[in-house]
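*Asks:* This one is entry31.txt, compact mmCIF, N, CA, C and O atoms.
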# COMPACT_ATOMS: atom_id res chain seq x y z
N SER A 1 -99.05 163.43 111.38
CA SER A 1 -98.40 164.05 112.53
C SER A 1 -97.04 163.39 112.79
O SER A 1 -96.79 162.26 112.35
N GLN A 2 -96.21 164.09 113.50
CA GLN A 2 -94.88 163.54 113.82
C GLN A 2 -95.00 162.26 114.65
O GLN A 2 -94.24 161.32 114.46
N GLN A 3 -95.99 162.21 115.55
CA GLN A 3 -96.18 161.01 116.37
C GLN A 3 -96.54 159.81 115.50
O GLN A 3 -96.06 158.70 115.74
N ALA A 4 -97.34 160.02 114.46
CA ALA A 4 -97.70 158.92 113.55
C ALA A 4 -96.47 158.40 112.82
O ALA A 4 -96.33 157.19 112.61
N VAL A 5 -95.56 159.30 112.44
CA VAL A 5 -94.32 158.89 111.78
C VAL A 5 -93.47 158.08 112.75
O VAL A 5 -92.96 157.01 112.39
N TRP A 6 -93.31 158.55 113.97
CA TRP A 6 -92.52 157.80 114.96
C TRP A 6 -93.13 156.42 115.21
O TRP A 6 -92.41 155.42 115.29
N ASN A 7 -94.45 156.37 115.34
CA ASN A 7 -95.12 155.08 115.55
C ASN A 7 -94.88 154.15 114.37
O ASN A 7 -94.65 152.95 114.55
N GLY A 8 -94.95 154.70 113.15
CA GLY A 8 -94.71 153.90 111.95
C GLY A 8 -93.28 153.38 111.89
O GLY A 8 -93.04 152.23 111.55
N LEU A 9 -92.33 154.24 112.23
CA LEU A 9 -90.92 153.81 112.26
C LEU A 9 -90.72 152.71 113.29
O LEU A 9 -90.02 151.72 113.02
N ASP A 10 -91.30 152.86 114.47
CA ASP A 10 -91.20 151.83 115.51
C ASP A 10 -91.78 150.50 115.01
O ASP A 10 -91.20 149.43 115.23
N TYR A 11 -92.93 150.58 114.34
CA TYR A 11 -93.57 149.38 113.80
C TYR A 11 -92.67 148.71 112.76
O TYR A 11 -92.45 147.49 112.81
N PHE A 12 -92.15 149.50 111.82
CA PHE A 12 -91.27 148.93 110.80
C PHE A 12 -90.05 148.26 111.44
O PHE A 12 -89.69 147.15 111.07
N CYS A 13 -89.43 148.92 112.39
CA CYS A 13 -88.23 148.36 113.04
C CYS A 13 -88.55 147.05 113.74
O CYS A 13 -87.79 146.08 113.64
N LYS A 14 -89.67 147.00 114.43
CA LYS A 14 -90.08 145.78 115.15
C LYS A 14 -90.33 144.65 114.15
O LYS A 14 -89.84 143.53 114.33
N GLU A 15 -91.08 144.94 113.09
CA GLU A 15 -91.44 143.90 112.11
C GLU A 15 -90.23 143.45 111.30
O GLU A 15 -90.08 142.25 111.04
N LEU A 16 -89.39 144.38 110.88
CA LEU A 16 -88.21 144.01 110.12
C LEU A 16 -87.25 143.17 110.97
O LEU A 16 -86.67 142.20 110.48
N SER A 17 -87.12 143.51 112.24
CA SER A 17 -86.29 142.71 113.15
C SER A 17 -86.84 141.30 113.26
O SER A 17 -86.08 140.33 113.22
N ALA A 18 -88.15 141.17 113.39
CA ALA A 18 -88.78 139.86 113.50
C ALA A 18 -88.56 139.04 112.23
O ALA A 18 -88.42 137.81 112.29
N LEU A 19 -88.52 139.71 111.08
CA LEU A 19 -88.28 139.03 109.80
C LEU A 19 -86.80 138.73 109.56
O LEU A 19 -86.46 138.02 108.63
N GLY A 20 -85.93 139.31 110.39
CA GLY A 20 -84.51 139.14 110.20
C GLY A 20 -83.96 139.95 109.04
O GLY A 20 -82.94 139.60 108.45
N VAL A 21 -84.65 141.04 108.69
CA VAL A 21 -84.23 141.91 107.59
C VAL A 21 -83.41 143.06 108.17
O VAL A 21 -83.93 143.85 108.96
N PRO A 22 -82.14 143.17 107.79
CA PRO A 22 -81.32 144.27 108.29
C PRO A 22 -81.86 145.62 107.78
O PRO A 22 -82.35 145.71 106.66
N PHE A 23 -81.76 146.63 108.63
CA PHE A 23 -82.23 147.95 108.24
C PHE A 23 -81.39 149.01 108.92
O PHE A 23 -80.69 148.73 109.90
N ILE A 24 -81.47 150.21 108.38
CA ILE A 24 -80.76 151.35 108.96
C ILE A 24 -81.81 152.25 109.60
O ILE A 24 -82.68 152.77 108.90
N PRO A 25 -81.78 152.42 110.92
CA PRO A 25 -82.74 153.30 111.58
C PRO A 25 -82.66 154.72 111.00
O PRO A 25 -81.61 155.14 110.52
N SER A 26 -83.76 155.43 111.06
CA SER A 26 -83.85 156.73 110.42
C SER A 26 -84.47 157.76 111.35
O SER A 26 -85.28 157.44 112.19
N GLN A 27 -84.07 159.01 111.14
CA GLN A 27 -84.73 160.13 111.81
C GLN A 27 -85.75 160.77 110.88
O GLN A 27 -86.42 161.72 111.24
N GLY A 28 -85.85 160.23 109.65
CA GLY A 28 -86.80 160.75 108.66
C GLY A 28 -88.10 159.95 108.72
O GLY A 28 -88.42 159.33 109.73
N ASN A 29 -88.81 159.95 107.62
CA ASN A 29 -90.10 159.26 107.56
C ASN A 29 -90.00 157.94 106.78
O ASN A 29 -90.95 157.48 106.19
N PHE A 30 -88.82 157.34 106.79
CA PHE A 30 -88.61 156.10 106.05
C PHE A 30 -87.55 155.25 106.74
O PHE A 30 -86.80 155.72 107.59
N VAL A 31 -87.50 153.98 106.32
CA VAL A 31 -86.47 153.04 106.77
C VAL A 31 -85.77 152.51 105.53
O VAL A 31 -86.40 152.25 104.50
N LEU A 32 -84.47 152.38 105.61
CA LEU A 32 -83.68 151.80 104.54
C LEU A 32 -83.40 150.36 104.92
O LEU A 32 -82.78 150.10 105.95
N LEU A 33 -83.89 149.40 104.12
CA LEU A 33 -83.75 148.00 104.49
C LEU A 33 -82.98 147.24 103.43
O LEU A 33 -83.00 147.59 102.25
N ASP A 34 -82.26 146.23 103.88
CA ASP A 34 -81.44 145.40 102.99
C ASP A 34 -82.14 144.06 102.79
O ASP A 34 -82.18 143.23 103.69
N VAL A 35 -82.67 143.86 101.58
CA VAL A 35 -83.39 142.62 101.30
C VAL A 35 -82.44 141.48 100.92
O VAL A 35 -82.87 140.36 100.70
N GLN A 36 -81.14 141.78 100.86
CA GLN A 36 -80.09 140.79 100.65
C GLN A 36 -80.27 139.98 99.36
O GLN A 36 -79.93 138.81 99.29
N ARG A 37 -80.85 140.63 98.38
CA ARG A 37 -81.00 140.10 97.02
C ARG A 37 -81.27 141.30 96.11
O ARG A 37 -81.32 142.43 96.60
N ASP A 38 -81.45 141.07 94.84
CA ASP A 38 -81.69 142.17 93.91
C ASP A 38 -82.94 142.95 94.34
O ASP A 38 -84.05 142.42 94.31
N ALA A 39 -82.75 144.18 94.75
CA ALA A 39 -83.86 144.99 95.26
C ALA A 39 -84.90 145.27 94.19
O ALA A 39 -86.09 145.43 94.50
N THR A 40 -84.50 145.32 92.92
CA THR A 40 -85.45 145.59 91.84
C THR A 40 -86.49 144.48 91.75
O THR A 40 -87.68 144.75 91.54
N GLU A 41 -86.06 143.24 91.93
CA GLU A 41 -87.01 142.12 91.90
C GLU A 41 -88.00 142.21 93.05
O GLU A 41 -89.20 141.99 92.87
N VAL A 42 -87.52 142.53 94.23
CA VAL A 42 -88.40 142.67 95.40
C VAL A 42 -89.35 143.84 95.17
O VAL A 42 -90.55 143.74 95.45
N PHE A 43 -88.82 144.96 94.66
CA PHE A 43 -89.66 146.12 94.34
C PHE A 43 -90.81 145.71 93.42
O PHE A 43 -91.97 146.05 93.66
N GLN A 44 -90.49 144.97 92.35
CA GLN A 44 -91.51 144.59 91.37
C GLN A 44 -92.55 143.65 91.96
O GLN A 44 -93.74 143.78 91.68
N GLN A 45 -92.11 142.72 92.81
CA GLN A 45 -93.06 141.79 93.43
C GLN A 45 -93.97 142.52 94.41
O GLN A 45 -95.17 142.22 94.49
N CYS A 46 -93.43 143.47 95.16
CA CYS A 46 -94.26 144.26 96.08
C CYS A 46 -95.22 145.15 95.31
O CYS A 46 -96.39 145.32 95.70
N LEU A 47 -94.74 145.71 94.20
CA LEU A 47 -95.59 146.57 93.36
C LEU A 47 -96.80 145.80 92.86
O LEU A 47 -97.92 146.33 92.85
N ARG A 48 -96.62 144.53 92.49
CA ARG A 48 -97.75 143.71 92.04
C ARG A 48 -98.79 143.54 93.15
O ARG A 48 -99.95 143.25 92.88
N GLN A 49 -98.35 143.70 94.40
CA GLN A 49 -99.26 143.59 95.54
C GLN A 49 -99.79 144.97 95.97
O GLN A 49 -100.46 145.09 96.99
N GLY A 50 -99.47 145.99 95.20
CA GLY A 50 -99.97 147.33 95.48
C GLY A 50 -99.13 148.15 96.43
O GLY A 50 -99.59 149.17 96.94
N VAL A 51 -97.91 147.70 96.69
CA VAL A 51 -97.03 148.40 97.62
C VAL A 51 -95.82 148.94 96.86
O VAL A 51 -95.14 148.19 96.16
N ILE A 52 -95.57 150.24 97.00
CA ILE A 52 -94.45 150.87 96.31
C ILE A 52 -93.32 151.11 97.30
O ILE A 52 -93.46 151.90 98.23
N LEU A 53 -92.23 150.39 97.10
CA LEU A 53 -90.99 150.63 97.83
C LEU A 53 -90.03 151.23 96.82
O LEU A 53 -90.14 150.97 95.62
N ARG A 54 -89.08 152.00 97.26
CA ARG A 54 -88.16 152.67 96.34
C ARG A 54 -86.80 151.99 96.34
O ARG A 54 -86.25 151.74 97.41
N THR A 55 -86.28 151.72 95.16
CA THR A 55 -84.91 151.22 95.07
C THR A 55 -83.95 152.39 95.27
O THR A 55 -84.31 153.55 95.05
N VAL A 56 -82.75 152.08 95.70
CA VAL A 56 -81.73 153.11 95.92
C VAL A 56 -80.41 152.68 95.26
O VAL A 56 -79.33 152.98 95.75
N LYS A 57 -80.53 151.98 94.13
CA LYS A 57 -79.34 151.53 93.39
C LYS A 57 -78.45 152.70 93.02
O LYS A 57 -77.23 152.58 93.00
N GLU A 58 -79.06 153.85 92.70
CA GLU A 58 -78.29 155.02 92.28
C GLU A 58 -77.37 155.53 93.39
O GLU A 58 -76.47 156.32 93.13
N TYR A 59 -77.59 155.06 94.61
CA TYR A 59 -76.71 155.42 95.73
C TYR A 59 -75.70 154.30 96.03
O TYR A 59 -75.06 154.30 97.09
N GLY A 60 -75.61 153.33 95.12
CA GLY A 60 -74.67 152.24 95.29
C GLY A 60 -75.16 151.16 96.25
O GLY A 60 -74.36 150.43 96.82
N LEU A 61 -76.47 151.05 96.41
CA LEU A 61 -77.07 150.08 97.33
C LEU A 61 -78.04 149.18 96.56
O LEU A 61 -79.27 149.32 96.67
N PRO A 62 -77.54 148.23 95.77
CA PRO A 62 -78.40 147.43 94.90
C PRO A 62 -79.32 146.44 95.62
O PRO A 62 -80.25 145.93 95.01
N THR A 63 -79.07 146.18 96.91
CA THR A 63 -79.92 145.23 97.64
C THR A 63 -80.80 145.95 98.67
O THR A 63 -81.45 145.29 99.48
N HIS A 64 -80.83 147.27 98.63
CA HIS A 64 -81.60 148.04 99.61
C HIS A 64 -82.86 148.65 99.00
O HIS A 64 -82.89 148.97 97.82
N LEU A 65 -83.85 148.82 99.84
CA LEU A 65 -85.09 149.50 99.48
C LEU A 65 -85.41 150.55 100.54
O LEU A 65 -85.07 150.37 101.72
N ARG A 66 -86.09 151.59 100.11
CA ARG A 66 -86.56 152.63 101.02
C ARG A 66 -88.06 152.42 101.22
O ARG A 66 -88.83 152.36 100.26
N MET A 67 -88.47 152.25 102.47
CA MET A 67 -89.88 152.06 102.81
C MET A 67 -90.34 153.25 103.64
O MET A 67 -89.86 153.46 104.75
N SER A 68 -91.25 154.03 103.06
CA SER A 68 -91.74 155.23 103.74
C SER A 68 -92.92 154.91 104.64
O SER A 68 -93.75 154.04 104.34
N VAL A 69 -93.03 155.64 105.74
CA VAL A 69 -94.14 155.50 106.67
C VAL A 69 -95.40 156.08 106.03
O VAL A 69 -95.35 157.14 105.39
N GLY A 70 -96.49 155.36 106.18
CA GLY A 70 -97.80 155.84 105.73
C GLY A 70 -98.78 155.78 106.87
O GLY A 70 -98.40 155.84 108.05
N LEU A 71 -100.04 155.62 106.54
CA LEU A 71 -101.06 155.41 107.55
C LEU A 71 -100.88 154.02 108.15
O LEU A 71 -100.25 153.15 107.54
N GLU A 72 -101.44 153.77 109.31
CA GLU A 72 -101.23 152.50 110.00
C GLU A 72 -101.57 151.30 109.12
O GLU A 72 -100.80 150.34 109.04
N ASP A 73 -102.72 151.35 108.44
CA ASP A 73 -103.11 150.24 107.56
C ASP A 73 -102.13 150.07 106.41
O ASP A 73 -101.83 148.95 106.00
N GLU A 74 -101.62 151.18 105.88
CA GLU A 74 -100.66 151.12 104.78
C GLU A 74 -99.34 150.50 105.25
O GLU A 74 -98.72 149.72 104.52
N ASN A 75 -98.93 150.83 106.46
CA ASN A 75 -97.70 150.26 107.01
C ASN A 75 -97.83 148.74 107.16
O ASN A 75 -96.91 148.00 106.81
N LYS A 76 -98.97 148.29 107.66
CA LYS A 76 -99.21 146.85 107.81
C LYS A 76 -99.22 146.16 106.45
O LYS A 76 -98.66 145.07 106.29
N TRP A 77 -99.85 146.78 105.48
CA TRP A 77 -99.92 146.23 104.13
C TRP A 77 -98.53 146.12 103.54
O TRP A 77 -98.18 145.13 102.91
N ALA A 78 -97.69 147.13 103.75
CA ALA A 78 -96.31 147.11 103.23
C ALA A 78 -95.54 145.95 103.84
O ALA A 78 -94.83 145.22 103.12
N ILE A 79 -95.65 145.76 105.14
CA ILE A 79 -94.94 144.66 105.81
C ILE A 79 -95.47 143.32 105.32
O ILE A 79 -94.70 142.38 105.08
N GLN A 80 -96.78 143.20 105.14
CA GLN A 80 -97.35 141.95 104.64
C GLN A 80 -96.83 141.62 103.25
O GLN A 80 -96.47 140.48 102.96
N ALA A 81 -96.79 142.63 102.37
CA ALA A 81 -96.30 142.42 101.00
C ALA A 81 -94.82 142.02 101.04
O ALA A 81 -94.40 141.10 100.32
N LEU A 82 -94.05 142.70 101.86
CA LEU A 82 -92.62 142.39 101.97
C LEU A 82 -92.42 140.98 102.51
O LEU A 82 -91.62 140.21 101.98
N THR A 83 -93.18 140.63 103.53
CA THR A 83 -93.09 139.27 104.12
C THR A 83 -93.41 138.23 103.07
O THR A 83 -92.66 137.25 102.91
N HIS A 84 -94.49 138.41 102.34
CA HIS A 84 -94.89 137.48 101.31
C HIS A 84 -93.82 137.34 100.24
O HIS A 84 -93.49 136.24 99.78
N THR A 85 -93.24 138.47 99.84
CA THR A 85 -92.23 138.48 98.79
C THR A 85 -90.94 137.79 99.24
O THR A 85 -90.32 137.08 98.44
N LEU A 86 -90.55 137.98 100.47
CA LEU A 86 -89.27 137.43 100.95
C LEU A 86 -89.35 135.98 101.37
O LEU A 86 -88.32 135.34 101.59
N GLN A 87 -90.56 135.44 101.49
CA GLN A 87 -90.68 134.03 101.91
C GLN A 87 -90.27 133.06 100.82
O GLN A 87 -90.39 133.32 99.66
Show me this structure written as structure tokens.

*Replies:*
Amino acid sequence: SQQAVWNGLDYFCKELSALGVPFIPSQGNFVLLDVQRDATEVFQQCLRQGVILRTVKEYGLPTHLRMSVGLEDENKWAIQALTHTLQ
């Protein structure tokens, strides 16, 4: 539902802010975040944890990833994987 997407976006924004990860707010079902390092490496480390984030290098953003909203548990898992990877 649209409410679930909004809740997921709010959650991502809150958690990314707490992690100090810059992001671009979205009206879609995803957040564009700047991991401030090679996004492909972060993508691969998150993938090993079962979380798929999308690189956007083809748009000229080599340090950014696209994180889509999922179910509540999936959103928490994505943030946990990202937190673990960025530590």

*Asks:* Residues of chain A in helix (DSSP H, G or I) according to DSSP, as a compact mmCIF listing (two decimals) with N, CA, C and O atoms, in the frame of the given file?

*Replies:*
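The result, stored in out_38.txt:
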# COMPACT_ATOMS: atom_id res chain seq x y z
N GLN A 2 -96.21 164.09 113.50
CA GLN A 2 -94.88 163.54 113.82
C GLN A 2 -95.00 162.26 114.65
O GLN A 2 -94.24 161.32 114.46
N GLN A 3 -95.99 162.21 115.55
CA GLN A 3 -96.18 161.01 116.37
C GLN A 3 -96.54 159.81 115.50
O GLN A 3 -96.06 158.70 115.74
N ALA A 4 -97.34 160.02 114.46
CA ALA A 4 -97.70 158.92 113.55
C ALA A 4 -96.47 158.40 112.82
O ALA A 4 -96.33 157.19 112.61
N VAL A 5 -95.56 159.30 112.44
CA VAL A 5 -94.32 158.89 111.78
C VAL A 5 -93.47 158.08 112.75
O VAL A 5 -92.96 157.01 112.39
N TRP A 6 -93.31 158.55 113.97
CA TRP A 6 -92.52 157.80 114.96
C TRP A 6 -93.13 156.42 115.21
O TRP A 6 -92.41 155.42 115.29
N ASN A 7 -94.45 156.37 115.34
CA ASN A 7 -95.12 155.08 115.55
C ASN A 7 -94.88 154.15 114.37
O ASN A 7 -94.65 152.95 114.55
N GLY A 8 -94.95 154.70 113.15
CA GLY A 8 -94.71 153.90 111.95
C GLY A 8 -93.28 153.38 111.89
O GLY A 8 -93.04 152.23 111.55
N LEU A 9 -92.33 154.24 112.23
CA LEU A 9 -90.92 153.81 112.26
C LEU A 9 -90.72 152.71 113.29
O LEU A 9 -90.02 151.72 113.02
N ASP A 10 -91.30 152.86 114.47
CA ASP A 10 -91.20 151.83 115.51
C ASP A 10 -91.78 150.50 115.01
O ASP A 10 -91.20 149.43 115.23
N TYR A 11 -92.93 150.58 114.34
CA TYR A 11 -93.57 149.38 113.80
C TYR A 11 -92.67 148.71 112.76
O TYR A 11 -92.45 147.49 112.81
N PHE A 12 -92.15 149.50 111.82
CA PHE A 12 -91.27 148.93 110.80
C PHE A 12 -90.05 148.26 111.44
O PHE A 12 -89.69 147.15 111.07
N CYS A 13 -89.43 148.92 112.39
CA CYS A 13 -88.23 148.36 113.04
C CYS A 13 -88.55 147.05 113.74
O CYS A 13 -87.79 146.08 113.64
N LYS A 14 -89.67 147.00 114.43
CA LYS A 14 -90.08 145.78 115.15
C LYS A 14 -90.33 144.65 114.15
O LYS A 14 -89.84 143.53 114.33
N GLU A 15 -91.08 144.94 113.09
CA GLU A 15 -91.44 143.90 112.11
C GLU A 15 -90.23 143.45 111.30
O GLU A 15 -90.08 142.25 111.04
N LEU A 16 -89.39 144.38 110.88
CA LEU A 16 -88.21 144.01 110.12
C LEU A 16 -87.25 143.17 110.97
O LEU A 16 -86.67 142.20 110.48
N SER A 17 -87.12 143.51 112.24
CA SER A 17 -86.29 142.71 113.15
C SER A 17 -86.84 141.30 113.26
O SER A 17 -86.08 140.33 113.22
N ALA A 18 -88.15 141.17 113.39
CA ALA A 18 -88.78 139.86 113.50
C ALA A 18 -88.56 139.04 112.23
O ALA A 18 -88.42 137.81 112.29
N LEU A 19 -88.52 139.71 111.08
CA LEU A 19 -88.28 139.03 109.80
C LEU A 19 -86.80 138.73 109.56
O LEU A 19 -86.46 138.02 108.63
N ALA A 39 -82.75 144.18 94.75
CA ALA A 39 -83.86 144.99 95.26
C ALA A 39 -84.90 145.27 94.19
O ALA A 39 -86.09 145.43 94.50
N THR A 40 -84.50 145.32 92.92
CA THR A 40 -85.45 145.59 91.84
C THR A 40 -86.49 144.48 91.75
O THR A 40 -87.68 144.75 91.54
N GLU A 41 -86.06 143.24 91.93
CA GLU A 41 -87.01 142.12 91.90
C GLU A 41 -88.00 142.21 93.05
O GLU A 41 -89.20 141.99 92.87
N VAL A 42 -87.52 142.53 94.23
CA VAL A 42 -88.40 142.67 95.40
C VAL A 42 -89.35 143.84 95.17
O VAL A 42 -90.55 143.74 95.45
N PHE A 43 -88.82 144.96 94.66
CA PHE A 43 -89.66 146.12 94.34
C PHE A 43 -90.81 145.71 93.42
O PHE A 43 -91.97 146.05 93.66
N GLN A 44 -90.49 144.97 92.35
CA GLN A 44 -91.51 144.59 91.37
C GLN A 44 -92.55 143.65 91.96
O GLN A 44 -93.74 143.78 91.68
N GLN A 45 -92.11 142.72 92.81
CA GLN A 45 -93.06 141.79 93.43
C GLN A 45 -93.97 142.52 94.41
O GLN A 45 -95.17 142.22 94.49
N CYS A 46 -93.43 143.47 95.16
CA CYS A 46 -94.26 144.26 96.08
C CYS A 46 -95.22 145.15 95.31
O CYS A 46 -96.39 145.32 95.70
N LEU A 47 -94.74 145.71 94.20
CA LEU A 47 -95.59 146.57 93.36
C LEU A 47 -96.80 145.80 92.86
O LEU A 47 -97.92 146.33 92.85
N ARG A 48 -96.62 144.53 92.49
CA ARG A 48 -97.75 143.71 92.04
C ARG A 48 -98.79 143.54 93.15
O ARG A 48 -99.95 143.25 92.88
N LYS A 57 -80.53 151.98 94.13
CA LYS A 57 -79.34 151.53 93.39
C LYS A 57 -78.45 152.70 93.02
O LYS A 57 -77.23 152.58 93.00
N GLU A 58 -79.06 153.85 92.70
CA GLU A 58 -78.29 155.02 92.28
C GLU A 58 -77.37 155.53 93.39
O GLU A 58 -76.47 156.32 93.13
N TYR A 59 -77.59 155.06 94.61
CA TYR A 59 -76.71 155.42 95.73
C TYR A 59 -75.70 154.30 96.03
O TYR A 59 -75.06 154.30 97.09
N GLU A 72 -101.44 153.77 109.31
CA GLU A 72 -101.23 152.50 110.00
C GLU A 72 -101.57 151.30 109.12
O GLU A 72 -100.80 150.34 109.04
N ASP A 73 -102.72 151.35 108.44
CA ASP A 73 -103.11 150.24 107.56
C ASP A 73 -102.13 150.07 106.41
O ASP A 73 -101.83 148.95 106.00
N GLU A 74 -101.62 151.18 105.88
CA GLU A 74 -100.66 151.12 104.78
C GLU A 74 -99.34 150.50 105.25
O GLU A 74 -98.72 149.72 104.52
N ASN A 75 -98.93 150.83 106.46
CA ASN A 75 -97.70 150.26 107.01
C ASN A 75 -97.83 148.74 107.16
O ASN A 75 -96.91 148.00 106.81
N LYS A 76 -98.97 148.29 107.66
CA LYS A 76 -99.21 146.85 107.81
C LYS A 76 -99.22 146.16 106.45
O LYS A 76 -98.66 145.07 106.29
N TRP A 77 -99.85 146.78 105.48
CA TRP A 77 -99.92 146.23 104.13
C TRP A 77 -98.53 146.12 103.54
O TRP A 77 -98.18 145.13 102.91
N ALA A 78 -97.69 147.13 103.75
CA ALA A 78 -96.31 147.11 103.23
C ALA A 78 -95.54 145.95 103.84
O ALA A 78 -94.83 145.22 103.12
N ILE A 79 -95.65 145.76 105.14
CA ILE A 79 -94.94 144.66 105.81
C ILE A 79 -95.47 143.32 105.32
O ILE A 79 -94.70 142.38 105.08
N GLN A 80 -96.78 143.20 105.14
CA GLN A 80 -97.35 141.95 104.64
C GLN A 80 -96.83 141.62 103.25
O GLN A 80 -96.47 140.48 102.96
N ALA A 81 -96.79 142.63 102.37
CA ALA A 81 -96.30 142.42 101.00
C ALA A 81 -94.82 142.02 101.04
O ALA A 81 -94.40 141.10 100.32
N LEU A 82 -94.05 142.70 101.86
CA LEU A 82 -92.62 142.39 101.97
C LEU A 82 -92.42 140.98 102.51
O LEU A 82 -91.62 140.21 101.98
N THR A 83 -93.18 140.63 103.53
CA THR A 83 -93.09 139.27 104.12
C THR A 83 -93.41 138.23 103.07
O THR A 83 -92.66 137.25 102.91
N HIS A 84 -94.49 138.41 102.34
CA HIS A 84 -94.89 137.48 101.31
C HIS A 84 -93.82 137.34 100.24
O HIS A 84 -93.49 136.24 99.78
N THR A 85 -93.24 138.47 99.84
CA THR A 85 -92.23 138.48 98.79
C THR A 85 -90.94 137.79 99.24
O THR A 85 -90.32 137.08 98.44
N LEU A 86 -90.55 137.98 100.47
CA LEU A 86 -89.27 137.43 100.95
C LEU A 86 -89.35 135.98 101.37
O LEU A 86 -88.32 135.34 101.59

*Asks:* Find the residues with any atom within 7 Å of (-89.8, 144.4, 106.8); use all atoms listed in the file and the coordinates as given in the file, and write the answer as a compact mmCIF listing (two decimals) with N, CA, C and O atoms, in the coordinates of the input.

*Replies:*
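Output file selection24.txt is given in full below:
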# COMPACT_ATOMS: atom_id res chain seq x y z
N PHE A 12 -92.15 149.50 111.82
CA PHE A 12 -91.27 148.93 110.80
C PHE A 12 -90.05 148.26 111.44
O PHE A 12 -89.69 147.15 111.07
N GLU A 15 -91.08 144.94 113.09
CA GLU A 15 -91.44 143.90 112.11
C GLU A 15 -90.23 143.45 111.30
O GLU A 15 -90.08 142.25 111.04
N LEU A 16 -89.39 144.38 110.88
CA LEU A 16 -88.21 144.01 110.12
C LEU A 16 -87.25 143.17 110.97
O LEU A 16 -86.67 142.20 110.48
N SER A 17 -87.12 143.51 112.24
CA SER A 17 -86.29 142.71 113.15
C SER A 17 -86.84 141.30 113.26
O SER A 17 -86.08 140.33 113.22
N LEU A 19 -88.52 139.71 111.08
CA LEU A 19 -88.28 139.03 109.80
C LEU A 19 -86.80 138.73 109.56
O LEU A 19 -86.46 138.02 108.63
N VAL A 21 -84.65 141.04 108.69
CA VAL A 21 -84.23 141.91 107.59
C VAL A 21 -83.41 143.06 108.17
O VAL A 21 -83.93 143.85 108.96
N ALA A 78 -97.69 147.13 103.75
CA ALA A 78 -96.31 147.11 103.23
C ALA A 78 -95.54 145.95 103.84
O ALA A 78 -94.83 145.22 103.12
N ILE A 79 -95.65 145.76 105.14
CA ILE A 79 -94.94 144.66 105.81
C ILE A 79 -95.47 143.32 105.32
O ILE A 79 -94.70 142.38 105.08
N LEU A 82 -94.05 142.70 101.86
CA LEU A 82 -92.62 142.39 101.97
C LEU A 82 -92.42 140.98 102.51
O LEU A 82 -91.62 140.21 101.98
N THR A 83 -93.18 140.63 103.53
CA THR A 83 -93.09 139.27 104.12
C THR A 83 -93.41 138.23 103.07
O THR A 83 -92.66 137.25 102.91

*Asks:* Compile the contact shell of segment 31-48 of chain A as a list in words: residues with an atom at most 7 Å away, counting only N, CA, C and O atoms, same-chain residues fewer than 6 positions apart removed.

*Replies:*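 The neighbour list is Leu9, Gly20, Val21, Pro22, Phe23, Ile24, Pro25, Arg54, Thr55, Leu61, Pro62, Thr63, His64, Leu65, Arg66, Met67, Ser68, Val69, Ala81, Leu82 and Thr85 of chain A.
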
*Asks:* Just give me the gap between atom CA of Gly70 of chain A and atom CA of Gly50 of chain A in Å, one decimal is fine.

*Replies:*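 Value for the atom CA of Gly70 of chain A-atom CA of Gly50 of chain A distance: 13.5 Å.
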
*Asks:* Could you state the separation of atom O of Leu53 of chain A and atom C of Glu72 of chain A in Å, given to one decimal place?

*Replies:*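 Between these atoms lies a distance of 17.7 Å.
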
*Asks:* Run DSSP on the backbone of this structure and report the residues of segment 1-36 of chain A it assigns to strand (DSSP E), as a list in words.

*Replies:*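 For segment 1-36 of chain A, the strand (DSSP E) set is Phe23, Ile24, Phe30, Val31, Leu32, Leu33 and Asp34 of chain A.
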
*Asks:* Record the distance separating atom CA of Glu74 of chain A and atom CA of Gln2 of chain A, expressed in Å with one decimal.

*Replies:* 16.4 Å

*Asks:* Under the rule that only C-alpha atoms are counted, which of A:Gln3, A:Ser26, A:Ala18, A:Val51 is the nearest residue to Asn75 of chain A?

*Replies:*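 Selected residue with least distance to Asn75 of chain A: A:Val51.
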
*Asks:* Taking into account only C-alpha atoms, which residue in the set A:Val56, A:Val5, A:Leu86, A:Leu71 is nearest to Phe30 of chain A?

*Replies:*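 Closest candidate: A:Val5.
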
*Asks:* Would you please work out which residue, of A:Trp77, A:Lys14, A:Asn29, A:Ser1, is nearest to Gln49 of chain A when using all atoms listed in the file?

*Replies:*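 The answer is A:Trp77, which sits nearest to Gln49 of chain A.
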
*Asks:* Give the centre and edge lengths of an axis-aligned box, in Å to one decimal, that holds all listed atoms of segment 47-55 of chain A with 3 Å on each side, as JSON.

*Replies:*
{"center_x": -92.2, "center_y": 148.4, "center_z": 95.1, "size_x": 22.5, "size_y": 16.3, "size_z": 12.2}
